[in-house]
Structure formats: C-alpha cells, structure tokens
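S.K.: Sharing a structure below in structure tokens format, with a few things to ask.
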Amino acid sequence: MTGGAVTGRAARLLATAIGIAAASGASRPTGARAAAGKPALAIVGATVLTAGPQGTVAGGTIVIRDGKVAALGKGVAVPPGAVVINAAGRTVMPGIIDCHSHTAVESGINEGSDSVTAEVRIADVIDHRDVDIYRQLAGGVTTINVLHGSANVIGGQNAVIKLRWGSSPRDLVFQGAPRGIKMALGENPKRANARATGAPRYPGTRMGVEATLRGAFQEAQQYRREWQDYEKKLAAAGGGGKDKPVAPRRDLRLETLRDVLDGKVLVHAHAYRADEILMLIQVAEEVGFKVRTFQHVLEGYKVASEIARHGAGASTFSDWWAYKIEAQDAIPYNAAVMAARGVLVSLNSDSDELARRLYWEAAKVIRYGGVSEADALKMITLNPARQLGIDKRVGSLEVGKDADLVIFNAHPFSPDARVETTLIDGIVYFDRAADLAKRMPAGAPVATGGMR
Amino acid sequence: MKRGGCGAVVMAGLAVAVVPHAVDGAASSSDPRAIAITGGRVVTVSGPTLAKGTVVIAGGKIVAIGETVAVPRDATVIDATGRTVYPGLIDAMTTIGITEIAGGAAGTVDVAEVGDMNPHAKAAVALNPHSDLIPVARAAGLTAALSAPRGGLVSGQSALVRLAGHTPAALTVKGPVALHVTYPTGRPPADEARMAGAGAGADLEPKTFAERQREKKKNQDKELRRLAHLLEEAKAYGAALDAARAGKMPPPRVDLPMEAMVPAARGRMPVVMAADDDDDIRGAIKFAVERGLKLIISGGAEAWRCTDVLKKHDIPVLLTVDRLPRKESDPYDAQFTNPGALQAAGVRFAIVSDQSTKARNLPFEAAMARAYGLPADAALRAITLSPAEILGVGDRMGSLAEGKDANIIIATGDIMDHRTDVTHVFIDGQPQSMETRHTRLWKQFKDTDPGGRSP
C-alpha cells in the first residue's frame with residue numbers, strides 16, 4: 001500500500017462528511033465542528049501507542065463516535081456503516097500536547113509595560129488564521145498551552161487551545177481547561193528592564209524579581225481579606241437597608257492573583273537557574289499558592305527533589321543549551337533526572353518550528369538518560385495533559401476520552417517517521433494525502449513513499 | 001567485547017607520518033599503535049556498505065578496510081559487533097569555536113566584526129579550542145565543522161575545524177576555506193526579521209507592496225554595485241601585488257581587506273553567499289557567474305524553486321532543514337522536502353546546522369529530509385562526503401576509504417535515529433573522550449540532589 005492513510009472510499013466519505021483540511025493554509029475546513037450524529041469512524045490495523053493503561057496495542061482498532069474514543073483494542077468490531085481508515089503498518093499515538101507555545105497570538109505576546117500584568121489574557125488575542133496552527137497539526141500537535149511571554153515577573157493569563165484549524169478563536173479554546181497564568185524569573189524579566197526607549201522598568205535584579213512577587217501576592221492577600229470582610233458584612237446586613245456595606249473597588253489584576261491564591265489559576269513559571277526555582281517555591285509556600293509547572297527549568301536536575309516535594313511539574317526542552325548565560329548549565333539529561341526523582345515532566349517547544357517535531361524531542365530523552373519509550377511518549381502526551389489539568393479529556397487513547405490522535409507512517413521515534421493524519425475530536429484536521437492532492441502542480445516535490 | 005580502546009581512553013602520541021601500506025591492504029603489523037575496528041556493519045558512504053567489516057587505522061589514516069582484511073598482530077582491537085561504523089559527520093556551516101554563549105554574553109561571541117565589510121576577518125585565528133561546544137558536538141558523532149563568520153555584507157573567511165586539539169592551529173584542517181557574503185536582499189532589517197519568523201515586534205511600516213518592492217530593488221542594486229566594485233578593486237589590487245612581486249612596480253599600499261578578497265575575486269577561493277529566496281538565489285548565481293566567482297549558496301530555503309539554474313551552473317547548496325517555510329502559502333513541508341528536491345534534480349548539497357549549540361542534531365536534520373523523501377543513503381552523504389567535497393576536502397574525509405583521515409564513529413544503530421548512542425569517536429585516528437560539560441554535570445547530580453532546603 002502506498003499513499004496516505006485515508007484511502008479510496010474512506011477518503012471520499014471523510015472529505016464529504018467533514019471537509020478535510022486543505023493544503024498549506026490555503027483553505028480551511030468549514031463547519032468542521034460538531035461530529036455528533038456523524039457515522040462512526042474506525043481506524044483499523046495500526047499499532048496503537050495509547051500512553052494509557054492499555055499500553056501498546058498491535059493490530060488494534062479504534063472506534064470513534066461523537067468525537068470520543070468509543071472502543072479500542074485488538075479484535076474490536078467495526079460498527080456497521082462506520083467510515084474505515086485502514087492504518088495497517090502504521091502507528092497511532094495520542095495527539096501531541098505542547099505545554100509551552102506562543103502560536104496563534106495576534107502581534108505580541110508580552111504586555112511588557114509593567115512587571116505585573118495578571119489582568120491581560122491571551123484568550124483575547126488568539127489569531128485563528130495563523131498558518132502555524134496547520135503546520136503543527138502536520139507535526140501531530142493537537143493541543144497547545146499558549147502562554148504570555150516572559151518579560152514580566154507576573155505575566156498574563158494563558159489560553160489552552162485545540163488546533164481546530166478553520167474554527168473561530170472562540171472555538172479553538174479548550175473548553176473546561178483550568179485557567180493558567182505565566183510567571184517569569186531571571187534574565188528575561190530583568191532584561192525587559194533594558195528597554196531601548198523610556199525609563200527603565202523595575203525590577204532589574206533577581207532581588208527585585210523576588211520582591212515584586214512577594215509584594216504582588218501580599219497585595220492580593222489584602223484584597224482577598226477586603227472582599228471576605230465585605231461578603232461577611234453583606235451577609236450580616238441581610239442583603240439591604242442602611243447597613244449594606246460598600247463593596248471594595250474591583251481590581252482585575254489583584255482578582256486574578258487572588259484566584260491564584262485560591263488555587264483556581266494554575267501557575268506556569270518560566271525559570272532557569274536552580275536558585276530561583278527554590279526562591280519561587282519559598283515565596284509560593286509562604287504566601288499560599290502552588291506552582292503547577294516550572295517552564296524550561298533547565299537547572300531542574302539540580303533541585304529535582306525540591307520540585308517534586310512542592311508538587312510542581314516541569315516542562316522542559318529536550319536539549320537546548322548555552323543560548324544565554326542562565327542556560328549554560330542546561331543538560332539534555334534534565335528530563336530523565338527530574339522524572340527519576342518523581343517530577344512530572346513534559347517536553348515543550350516554545351517554538352513554531354520545533355513544535356512540528358516534538359515526537360523526536362521525546363525520542364531524545366531515551367538517548368540522554370535512558371528514559372523508557374513508554375515514559376518518553378508520555379512526556380509529550382499524558383504528562384502535559386496532567387500539567388494543564390485536562391488529562392481526563394486528552395493525553396492518552398482511552399475509551400471515553402477525546403479522539404485526538406495522530407497516524408504516523410512508522411514509529412514516531414524512528415528516523416522515517418512522518419505524520420500522515422491528525423484528528424481532533426474525531427475530525428480529520430490534517431491529512432497528508434489530501435494536502436498533496438491539493439498542491440499546485442508546480443509545488444515542491446513530495447515524498448510519495450507511504451509505507452516503507 | 002572491547003579490548004582496550006574504550007572511548008574515554010586517549011592514546012598517546014600519534015603524531016607520526018602515514019604508515020606505508022602493507023601488501024594485501026593490511027597495516028604493518030610492526031606498528032604497535034594500529035587500531036582495528038572489527039565485526040561492525042561498516043557504512044563507507046563512498047563504497048558499498050560492509051555487513052561485517054574491519055577498519056584498520058594507523059598513523060592517523062585508514063590503512064585498510066574490507067570484509068577480509070587481516071588485523072595486524074599488535075593492533076588494539078575494538079570489537080564493534082552489533083554496532084555500526086560510520087565516517088565522522090561534517091557540519092558545513094556553524095559558528096563552533098567562535099561563539100560560546102550566543103545571548104547575553106557578547107564577550108564570548110566572535111562571529112561578526114564591526115562594520116559590514118570584513119573579508120579579512122578569519123575564523124581560524126579566533127578559534128577557542130577549549131570551547132564546551134566542541135566536545136558536545138563531537139560526542140554526537142561530528143568530527144569536523146566549518147566555522148564561519150557572519151553578519152554585514154562581507155562577513156569574513158571560514159575555517160574547517162577538526163573537533164579535537166588544544167590550539168587554533170591544531171583545530172584548523174583548512175583555513176581559510178571560503179569568503180562569506182550575505183547576498184543583499186534589499187529588505188530593511190525589520191522585514192528580514194519578520195521573514196525569519198521573528199513575528200511580532202517587526203511590524204511593517206505602512207507602505208504599499210509596489211513601494212516596498214521598488215525600495216527593496218533600489219537597496220539591493222546599490223549593495224550589489226558596492227560588492228561588484230569591491231571585487232573589481234580586489235582584482236586590481238591582486239594584479240598590483242603580482243606586478244610588485246615581479247619587480248615591475250612598488251608594492252601597493254597595505255590594504256588587508258583588499259588582499260583578503262583577492263583569491264575569491266579571482267575565482268580561486270569559494271564564495272559562500274547566504275541567500276534564501278528564489279529571486280535572491282537566482283540573483284546570487286547571476287552575479288557570481290558574470291564575475292567568474294566560485295559560488296556556494298548557504299541557507300537555500302527556496303533552493304527547491306531554482307533547481308534548474310543551480311543544476312545548470314553546478315552550484316552546491318548548504319541547506320538548513322529545521323526552519324519554517326519561507327512563505328505562508330508554501331507547502332508545510334517545504335524545508336523538509338528541499339534536500340530531496342535537490343537530490344532528484346542532481347544539485348549538489350550538504351545539510352548543515354547553521355548553528356553552534358544545535359550542531360549535535362545534524363543527523364536528525366538529515367533524518368527529517370529522509371522522512372520527507374530523501375533516500376537514506378543520500379541523507380547520510382549530505383552530512384559526510386557531500387560537505388567534505390563542497391569544502392574541498394573530499395579526498396581527505398567524509399567517507400571510509402583507504403588513505404583517508406581516520407575520522408570514524410561507532411554507533412549503537414542508525415546514526416539518524418534519535419535513540420542511537422555514539423560510543424566511539426576517532427579523529428585522525430585518535431580515540432576521543434566522550435565526556436562533555438553535560439555528562440559531567442549529569443554525573444554530578446544524577447544520584448544526589450544537593451540543592452533543596454534540607455541538607
């Protein structure tokens with residue numbers, strides 16, 4: 001068999017049923033939203049790397065109904081009337097989750113005019129037409145954590161989105177994903193001080209970074225007390241009359257930080273050096289919040305036990321190093337050491353380009369530190385899902401979970417690996433064969449090998 | 001089983017001349033310093049792959065290679081059974097040796113001289129043999145890299161660096177190798193940044209497309225005239241030097257930039273021009289052909305769009321694979337399929353990292369090209385023999401053959417597979433340490449966690 005994963009009648013059915021994503025951003029699927037009421041989809045014959053309790057299923061069948069995995073296993077019956085994707089000889093894995101992305105953001109990821117900007121939200125500036133959404137689908141990515149930049153000690157709020165190419169900004173949003181916020185330590189918030197024009201911005205040292213953090217959260221504690229007092233007096237007043245208290249002034253910045261203290265907003269903290277990782281843990285434990293993930297965390301291997309004790313996850317690069325001073329001690333064994341020490345580890349891209357090859361980033365931790373293939377796979381699927389609080393929905397292939405999955409021509413860690421088809425909510429958003437078919441005749445020569 | 005010659009052992013004093021070949025291709029058994037790598041799958045690149053081959057090294061060279069080669073009696077034998085033996089990888093575009101920490105540590109970066117006209121800036125004189133980047137690249141299987149200055153219009157001259165040695169001279173295999181020029185695109189820097197994917201912060205000024213194109217053309221023509229003029233001047237300067245040497249006239253005034261440009265202007269030294277867009281690559285070729293320059297294109301993001309002219313003039317290309325497509329409307333895999341397109345069209349090319357700290361990922365760039373249509377053997381050639389040939393050292397390195405420099409690596413499997421380990425690296429026949437800054441820090445922290453609050 002050669003050609004794409006979706007062949008013959010199945011391809012036509014799929015194309016008419018859902019509108020397959022077309023080549024290179026030129027056209028987008030329309031109405032590719034609700035899969036409800038559509039015929040079931042069955043992917044048959046593939047080696048399925050589930051990243052879940054079923055482990056690896058050879059020659060497995062995945063039945064998808066209403067956007068969810070309805071059945072998965074060897075010998076699972078294909079429902080009558082189902083659209084069948086023959087994936088014999090191919091490998092299926094869960095959709096890749098990138099826990100650190102800046103894709104699909106309208107002009108600018110840093111509200112860099114202040115060192116605390118908890119009130120701004122990436123969800124307000126999502127660019128659903130960003131072609132990198134499509135390019136990342138073609139690399140098997142299905143969910144990304146779109147973060148504010150690292151110019152501020154406390155940056156803006158994140159947006160977790162699914163790469164439903166062709167959908168409106170609102171429909172990209174991963175409904176039900178917990179809110180999150182970006183924090184940043186070290187060189188970047190310091191460096192933001194060295195702006196080309198205007199007055200220098202505080203902080204300019206790691207001392208100032210700590211003070212900014214502590215100050216902001218002490219204000220948030222005070223803000224929370226004021227509102228608690230108000231609610232108490234309001235309740236006592238019985239809802240009216242002369243005793244009705246005056247409400248404190250609402251402050252969107254402090255309100256967000258209060259929500260952090262209340263555990264309603266997950267903290268994703270950009271950090272490099274071991275000392276500042278410890279600093280944030282100390283401040284967080286003092287003022288009363290938990291760091292959900294340390295991002296980059298390139299010296300995490302030096303303080304992995306402390307990270308594990310605090311209960312934070314770590315989202316790191318596989319092998320970036322020495323691109324700045326605070327990355328000088330970065331080692332590619334970082335993920336392996338942290339994982340061995342009990343830290344929940346994911347591998348991220350922080351790059352529109354690298355996001356397209358996260359499956360190989362995961363393969364690197366096998367080489368560097370001897371992580372098992374199963375655990376390496378989880379570092380780009382289940383682990384980031386857990387870090388983002390969306391693991392009940394995505395991150396592994398299990399009955400009842402969202403049908404977000406990738407079909408590869410070979411094992412994703414092998415040097416011949418190429419993404420053939422990517423599905424989100426059971427809908428094909430990328431299909432290489434369809435992409436090739438829609439290319440201009442004078443386009444780039446293409447790989448037509450299919451299976452090897 | 002290994003008998004001696006473990007990767008970490010550095011053998012003493014191998015600075016001897018090539019050992020004369022013994023009859024039947026076997027090394028002289030009287031040379032106690034010979035090394036024989038036996039039992040492994042030997043991927044020669046220039047010849048057939050040997051299912052179970054022996055490679056004999058002496059005097060820094062490969063003195064015998066084959067399936068029936070006799071192991072010299074006194075040789076140190078390295079059993080490579082179950083492993084794969086490759087020629088050392090060559091990265092034909094890096095800043096290794098002239099940069100340490102690219103960001104926020106300007107004191108460690110010697111890549112771009114002040115001004116935009118620095119033909120006399122030579123990487124070979126500024127190489128740091130003790131850079132942490134060298135062992136890291138080496139442990140990944142790289143044995144040589146081109147270290148090239150960048151920036152400005154004429155950036156300087158590159159050196160081919162051997163990834164072992166304690167002095168700049170010891171590191172330098174060949175220097176200068178080429179004159180490096182940034183083909184002027186005419187685009188203002190903000191546009192360049194945007195094209196390179198810098199995205200926000202590089203917003204366009206409000207101008208029409210036509211205005212933009214006119215401005216670009218004007219700037220580009222101006223810069224090209226400057227470059228053309230300089231090359232003419234350099235030729236004249238070279239002629240004056242020749243005449244002075246012949247006693248026909250007094251020597252011209254000392255002008256180091258001019259003197260440095262003479263070999264390139266005369267078409268003797270290659271000129272590497274960084275060009276990515278279709279029209280810029282075509283422009284660079286036209287410019288070079290008109291002036292008889294020996295052109296190599298680097299970058300080459302849209303080389304797949306101009307294979308016709310690259311093939312016609314036999315211009316080699318140094319390709320970078322790990323980039324986004326140049327244009328939003330390009331196929332998503334335009335960079336991944338680029339090498340395959342050049343291969344199919346018969347254009348010579350090498351795959352390069354165009355970086356420093358990421359040079360160790362060179363085989364994985366080749367793998368991406370392979371996953372998108374470049375045959376596996378061509379992908380390997382693109383990081384071994386092809387770069388050697390393009391840099392003018394194909395007779396010395398890039399493949400495993402008798403008489404070549406003994407730059408050899410042993411891997412646990414396919415070198416383009418991320419899961420493969422490199423177990424041995426030999427440069428000029430010397431076994432290299434596999435220790436790096438990274439393995440040292442790993443060893444220091446992997447079993448103990450001295451950070452933390454509890455002692």
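Lettering and numbering for the structure tokens are positional, with chains as A, B, ... in the shown order, residues counted from 1 in each chain, and ligands counted from 1 in the shown order.
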Report as number ranges by chain the set of chain B residues whose atoms approach chain A to within 7 Å, with distances computed over only C-alpha atoms.
M.R.: B: 101-105, 200-201, 304, 323-324, 328-332, 334, 337, 341, 357, 367, 370-373, 416-421, 438, 442, 445-446, 449, 451-452
S.K.: List the spatial neighbours of region 92-95 of chain A as a ChimeraX atom specification - criterion: any atom at most 8 Å away, only C-alpha atoms, same-chain residues fewer than 3 positions off excluded.
M.R.: /A:46-51,140-143,381,394-397,404-408,422-424
S.K.: Compile the contact shell of Pro387 (chain B) as a count of residues only: residues with an atom at most 12 Å away, counting only C-alpha atoms, same-chain residues fewer than 3 positions apart removed.
M.R.: 39
S.K.: Counting only C-alpha atoms, what is within 12 Å of region 213-224 of chain A, bar same-chain residues fewer than 6 positions away, as a JSON list (two decimals) with C-alpha atoms, in the first residue's frame?
M.R.:
```json
[["chain", "number", "residue", "atom", "x", "y", "z"],
["A", 115, "SER", "CA", 6.24, 43.84, 35.61],
["A", 116, "VAL", "CA", 2.90, 42.54, 36.90],
["A", 117, "THR", "CA", 0.14, 42.16, 34.30],
["A", 118, "ALA", "CA", -2.05, 39.38, 35.65],
["A", 152, "ASN", "CA", 7.16, 40.20, 33.24],
["A", 153, "VAL", "CA", 7.60, 38.69, 36.68],
["A", 154, "ILE", "CA", 3.86, 38.01, 36.61],
["A", 155, "GLY", "CA", 2.61, 37.92, 33.06],
["A", 183, "MET", "CA", 5.31, 33.97, 35.69],
["A", 184, "ALA", "CA", 8.94, 34.54, 34.82],
["A", 185, "LEU", "CA", 12.18, 34.65, 36.76],
["A", 189, "PRO", "CA", 12.14, 39.96, 33.42],
["A", 202, "TYR", "CA", 11.61, 47.63, 37.78],
["A", 203, "PRO", "CA", 12.92, 45.04, 38.54],
["A", 206, "ARG", "CA", 16.88, 38.87, 40.89],
["A", 207, "MET", "CA", 16.37, 40.65, 44.23],
["A", 230, "TYR", "CA", -17.38, 42.74, 52.61],
["A", 231, "GLU", "CA", -19.11, 39.41, 51.91],
["A", 247, "ALA", "CA", -18.09, 46.96, 48.05],
["A", 248, "PRO", "CA", -14.32, 47.29, 47.65],
["A", 249, "ARG", "CA", -13.15, 48.58, 44.31],
["A", 250, "ARG", "CA", -12.76, 45.73, 41.83],
["A", 251, "ASP", "CA", -9.20, 45.24, 40.56],
["A", 252, "LEU", "CA", -8.76, 42.80, 37.70],
["A", 253, "ARG", "CA", -5.08, 42.33, 38.43],
["A", 254, "LEU", "CA", -5.48, 41.53, 42.11],
["A", 255, "GLU", "CA", -8.59, 39.50, 41.42],
["A", 256, "THR", "CA", -6.53, 37.19, 39.20],
["A", 257, "LEU", "CA", -3.80, 36.88, 41.80],
["A", 258, "ARG", "CA", -6.45, 36.16, 44.43],
["A", 259, "ASP", "CA", -7.67, 33.36, 42.18],
["A", 260, "VAL", "CA", -4.09, 32.06, 42.09],
["A", 261, "LEU", "CA", -4.08, 32.02, 45.90],
["A", 262, "ASP", "CA", -7.43, 30.23, 45.82],
["A", 269, "ALA", "CA", 6.62, 29.75, 35.88],
["A", 276, "GLU", "CA", 15.44, 30.97, 41.51],
["A", 279, "MET", "CA", 13.13, 31.12, 45.53],
["A", 280, "LEU", "CA", 9.75, 30.78, 43.85],
["A", 281, "ILE", "CA", 8.93, 27.65, 45.82],
["A", 282, "GLN", "CA", 9.73, 29.53, 49.02],
["A", 283, "VAL", "CA", 7.61, 32.57, 48.12],
["A", 284, "ALA", "CA", 4.74, 30.40, 46.88],
["A", 285, "GLU", "CA", 4.67, 28.34, 50.05],
["A", 286, "GLU", "CA", 4.84, 31.48, 52.20],
["A", 287, "VAL", "CA", 2.03, 33.36, 50.52],
["A", 288, "GLY", "CA", 0.00, 30.26, 49.84],
["A", 289, "PHE", "CA", -0.10, 29.02, 46.29]]
```
S.K.: Could you work out how far CA of Ile181 (chain A) lies from CA of Gly149 (chain A), giving the answer in Å with one decimal?
M.R.: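 Separating CA of Gly149 (chain A) from CA of Ile181 (chain A) is a distance of 10.5 Å.
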S.K.: DSSP on the backbone: which residues in region 84-150 of chain B end up as strand (DSSP E or B)? Give the answer as a list in words.
M.R.: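 After running DSSP on the backbone, region 84-150 of chain B has strand (DSSP E or B) at Thr84, Val85, Tyr86, Pro87, Leu89, Ile90, Asp91, Ala92, Met93, Thr94, Ile96, Thr99, Gly103, Val109, Met117, Lys122, Leu142, Thr143, Ala144, Ala145, Leu146 and Ser147 of chain B.
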S.K.: Would you output that residue set with C-alpha atoms, as a PDB file, in the first residue's frame?
M.R.:
```pdb
ATOM      1  CA  THR B  84      27.544   0.467  13.018  1.00  0.00           C
ATOM      2  CA  VAL B  85      30.711   2.199  11.895  1.00  0.00           C
ATOM      3  CA  TYR B  86      30.379   5.486  10.021  1.00  0.00           C
ATOM      4  CA  PRO B  87      32.673   8.222   8.795  1.00  0.00           C
ATOM      5  CA  LEU B  89      29.888  13.658  10.485  1.00  0.00           C
ATOM      6  CA  ILE B  90      30.735  17.045   9.000  1.00  0.00           C
ATOM      7  CA  ASP B  91      28.687  20.181   9.623  1.00  0.00           C
ATOM      8  CA  ALA B  92      29.478  22.592   6.807  1.00  0.00           C
ATOM      9  CA  MET B  93      28.010  25.698   8.434  1.00  0.00           C
ATOM     10  CA  THR B  94      28.431  26.539  12.110  1.00  0.00           C
ATOM     11  CA  ILE B  96      31.638  26.473  16.587  1.00  0.00           C
ATOM     12  CA  THR B  99      30.908  31.562  19.787  1.00  0.00           C
ATOM     13  CA  GLY B 103      22.819  35.554  24.013  1.00  0.00           C
ATOM     14  CA  VAL B 109      30.890  35.802  20.733  1.00  0.00           C
ATOM     15  CA  MET B 117      32.969  44.762   5.008  1.00  0.00           C
ATOM     16  CA  LYS B 122      39.406  34.999   9.724  1.00  0.00           C
ATOM     17  CA  LEU B 142      30.689  15.178  14.465  1.00  0.00           C
ATOM     18  CA  THR B 143      34.379  15.189  13.681  1.00  0.00           C
ATOM     19  CA  ALA B 144      34.675  18.385  11.636  1.00  0.00           C
ATOM     20  CA  ALA B 145      32.760  21.601  11.223  1.00  0.00           C
ATOM     21  CA  LEU B 146      33.035  24.733   9.158  1.00  0.00           C
ATOM     22  CA  SER B 147      33.317  27.717  11.460  1.00  0.00           C
TER      23      SER B 147
END
```
S.K.: Step one, run DSSP on the backbone; step two, keep only residues of region 76-234 of chain B assigned to helix (DSSP H, G or I); then write them as an MDAnalysis selection string.
M.R.: chainID B and resid 106:108 123:125 133:139 168:171 189:195 209:234
S.K.: Given the selection you just returned, output its residues as a file containing N, CA and C atoms, formatted as a CSV table (one decimal), in the first residue's frame.
M.R.:
```csv
chain,number,residue,atom,x,y,z
B,106,ALA,N,28.1,38.8,25.2
B,106,ALA,CA,28.8,39.3,24.0
B,106,ALA,C,30.3,39.0,24.0
B,107,GLY,N,30.9,38.9,25.2
B,107,GLY,CA,32.3,38.7,25.4
B,107,GLY,C,32.7,37.3,24.9
B,108,THR,N,31.7,36.4,24.7
B,108,THR,CA,32.0,35.1,24.3
B,108,THR,C,31.7,34.9,22.8
B,123,ALA,N,38.1,33.3,10.8
B,123,ALA,CA,37.7,32.4,11.9
B,123,ALA,C,38.9,31.6,12.5
B,124,ALA,N,39.8,31.2,11.6
B,124,ALA,CA,40.9,30.4,12.0
B,124,ALA,C,41.8,31.0,13.1
B,125,VAL,N,41.9,32.3,13.2
B,125,VAL,CA,42.7,33.0,14.2
B,125,VAL,C,42.0,33.2,15.5
B,133,LEU,N,31.5,23.7,23.5
B,133,LEU,CA,30.7,23.2,22.4
B,133,LEU,C,31.3,22.1,21.6
B,134,ILE,N,32.7,22.1,21.6
B,134,ILE,CA,33.4,21.1,20.8
B,134,ILE,C,33.2,19.7,21.2
B,135,PRO,N,33.4,19.4,22.5
B,135,PRO,CA,33.2,18.0,23.0
B,135,PRO,C,31.7,17.6,22.8
B,136,VAL,N,30.8,18.5,23.0
B,136,VAL,CA,29.3,18.2,22.8
B,136,VAL,C,29.0,17.8,21.4
B,137,ALA,N,29.5,18.5,20.4
B,137,ALA,CA,29.3,18.2,19.0
B,137,ALA,C,30.0,16.9,18.7
B,138,ARG,N,31.2,16.7,19.2
B,138,ARG,CA,32.0,15.5,18.9
B,138,ARG,C,31.3,14.3,19.5
B,139,ALA,N,30.8,14.4,20.7
B,139,ALA,CA,30.1,13.2,21.3
B,139,ALA,C,28.9,12.7,20.5
B,168,PRO,N,44.5,26.7,18.2
B,168,PRO,CA,43.7,27.0,17.0
B,168,PRO,C,44.4,26.3,15.8
B,169,ALA,N,45.7,26.3,15.8
B,169,ALA,CA,46.3,25.7,14.6
B,169,ALA,C,46.0,24.2,14.5
B,170,ALA,N,46.0,23.5,15.7
B,170,ALA,CA,45.7,22.1,15.7
B,170,ALA,C,44.2,21.8,15.3
B,171,LEU,N,43.4,22.8,15.6
B,171,LEU,CA,42.0,22.6,15.2
B,171,LEU,C,41.8,22.8,13.7
B,189,PRO,N,15.9,45.8,7.8
B,189,PRO,CA,16.1,44.8,8.8
B,189,PRO,C,14.8,44.3,9.5
B,190,ALA,N,13.8,45.2,9.6
B,190,ALA,CA,12.6,44.7,10.3
B,190,ALA,C,11.9,43.7,9.4
B,191,ASP,N,11.9,43.9,8.1
B,191,ASP,CA,11.3,42.9,7.2
B,191,ASP,C,12.1,41.6,7.2
B,192,GLU,N,13.4,41.7,7.3
B,192,GLU,CA,14.2,40.5,7.4
B,192,GLU,C,13.9,39.7,8.6
B,193,ALA,N,13.7,40.4,9.7
B,193,ALA,CA,13.4,39.7,11.0
B,193,ALA,C,12.0,39.0,10.9
B,194,ARG,N,11.1,39.7,10.2
B,194,ARG,CA,9.8,39.1,10.0
B,194,ARG,C,9.9,37.9,9.1
B,195,MET,N,10.6,38.0,8.1
B,195,MET,CA,10.8,36.8,7.2
B,195,MET,C,11.4,35.6,7.9
B,209,PHE,N,2.7,47.4,-1.5
B,209,PHE,CA,3.6,46.4,-1.9
B,209,PHE,C,4.5,46.9,-3.0
B,210,ALA,N,4.0,47.7,-3.9
B,210,ALA,CA,4.8,48.2,-5.0
B,210,ALA,C,5.9,49.1,-4.5
B,211,GLU,N,5.6,49.9,-3.5
B,211,GLU,CA,6.6,50.8,-2.9
B,211,GLU,C,7.7,50.0,-2.3
B,212,ARG,N,7.3,49.0,-1.6
B,212,ARG,CA,8.2,48.1,-0.9
B,212,ARG,C,9.1,47.4,-1.9
B,213,GLN,N,8.6,46.9,-3.0
B,213,GLN,CA,9.4,46.2,-4.0
B,213,GLN,C,10.4,47.2,-4.6
B,214,ARG,N,9.9,48.4,-4.9
B,214,ARG,CA,10.8,49.4,-5.5
B,214,ARG,C,12.0,49.7,-4.6
B,215,GLU,N,11.6,49.9,-3.3
B,215,GLU,CA,12.6,50.2,-2.3
B,215,GLU,C,13.7,49.0,-2.2
B,216,LYS,N,13.1,47.8,-2.1
B,216,LYS,CA,14.0,46.6,-2.0
B,216,LYS,C,14.9,46.6,-3.2
B,217,LYS,N,14.4,46.8,-4.4
B,217,LYS,CA,15.2,46.7,-5.6
B,217,LYS,C,16.3,47.7,-5.6
B,218,LYS,N,15.9,48.9,-5.1
B,218,LYS,CA,16.9,50.0,-5.1
B,218,LYS,C,18.0,49.7,-4.1
B,219,ASN,N,17.7,49.3,-2.9
B,219,ASN,CA,18.7,49.0,-1.9
B,219,ASN,C,19.6,47.8,-2.4
B,220,GLN,N,18.9,46.8,-3.0
B,220,GLN,CA,19.7,45.7,-3.4
B,220,GLN,C,20.7,46.0,-4.5
B,221,ASP,N,20.2,46.8,-5.5
B,221,ASP,CA,21.1,47.2,-6.6
B,221,ASP,C,22.3,48.0,-6.0
B,222,LYS,N,22.0,48.8,-5.1
B,222,LYS,CA,23.1,49.6,-4.5
B,222,LYS,C,24.1,48.8,-3.8
B,223,GLU,N,23.7,47.8,-3.0
B,223,GLU,CA,24.6,46.9,-2.3
B,223,GLU,C,25.4,46.0,-3.3
B,224,LEU,N,24.7,45.6,-4.4
B,224,LEU,CA,25.3,44.7,-5.3
B,224,LEU,C,26.4,45.5,-6.1
B,225,ARG,N,26.1,46.7,-6.4
B,225,ARG,CA,27.1,47.6,-7.1
B,225,ARG,C,28.3,47.7,-6.2
B,226,ARG,N,28.1,47.9,-4.9
B,226,ARG,CA,29.2,48.0,-3.9
B,226,ARG,C,30.1,46.8,-3.9
B,227,LEU,N,29.4,45.6,-3.9
B,227,LEU,CA,30.1,44.3,-3.9
B,227,LEU,C,30.9,44.1,-5.2
B,228,ALA,N,30.2,44.5,-6.3
B,228,ALA,CA,30.9,44.3,-7.6
B,228,ALA,C,32.1,45.2,-7.7
B,229,HIS,N,32.0,46.4,-7.2
B,229,HIS,CA,33.1,47.3,-7.2
B,229,HIS,C,34.3,46.8,-6.4
B,230,LEU,N,33.9,46.3,-5.2
B,230,LEU,CA,35.0,45.7,-4.3
B,230,LEU,C,35.7,44.6,-5.0
B,231,LEU,N,35.0,43.7,-5.7
B,231,LEU,CA,35.6,42.6,-6.3
B,231,LEU,C,36.5,43.1,-7.4
B,232,GLU,N,36.1,44.1,-8.1
B,232,GLU,CA,37.0,44.7,-9.2
B,232,GLU,C,38.2,45.3,-8.6
B,233,GLU,N,38.0,46.0,-7.5
B,233,GLU,CA,39.2,46.6,-6.8
B,233,GLU,C,40.1,45.5,-6.3
B,234,ALA,N,39.6,44.4,-5.8
B,234,ALA,CA,40.4,43.4,-5.3
B,234,ALA,C,41.2,42.7,-6.4
```
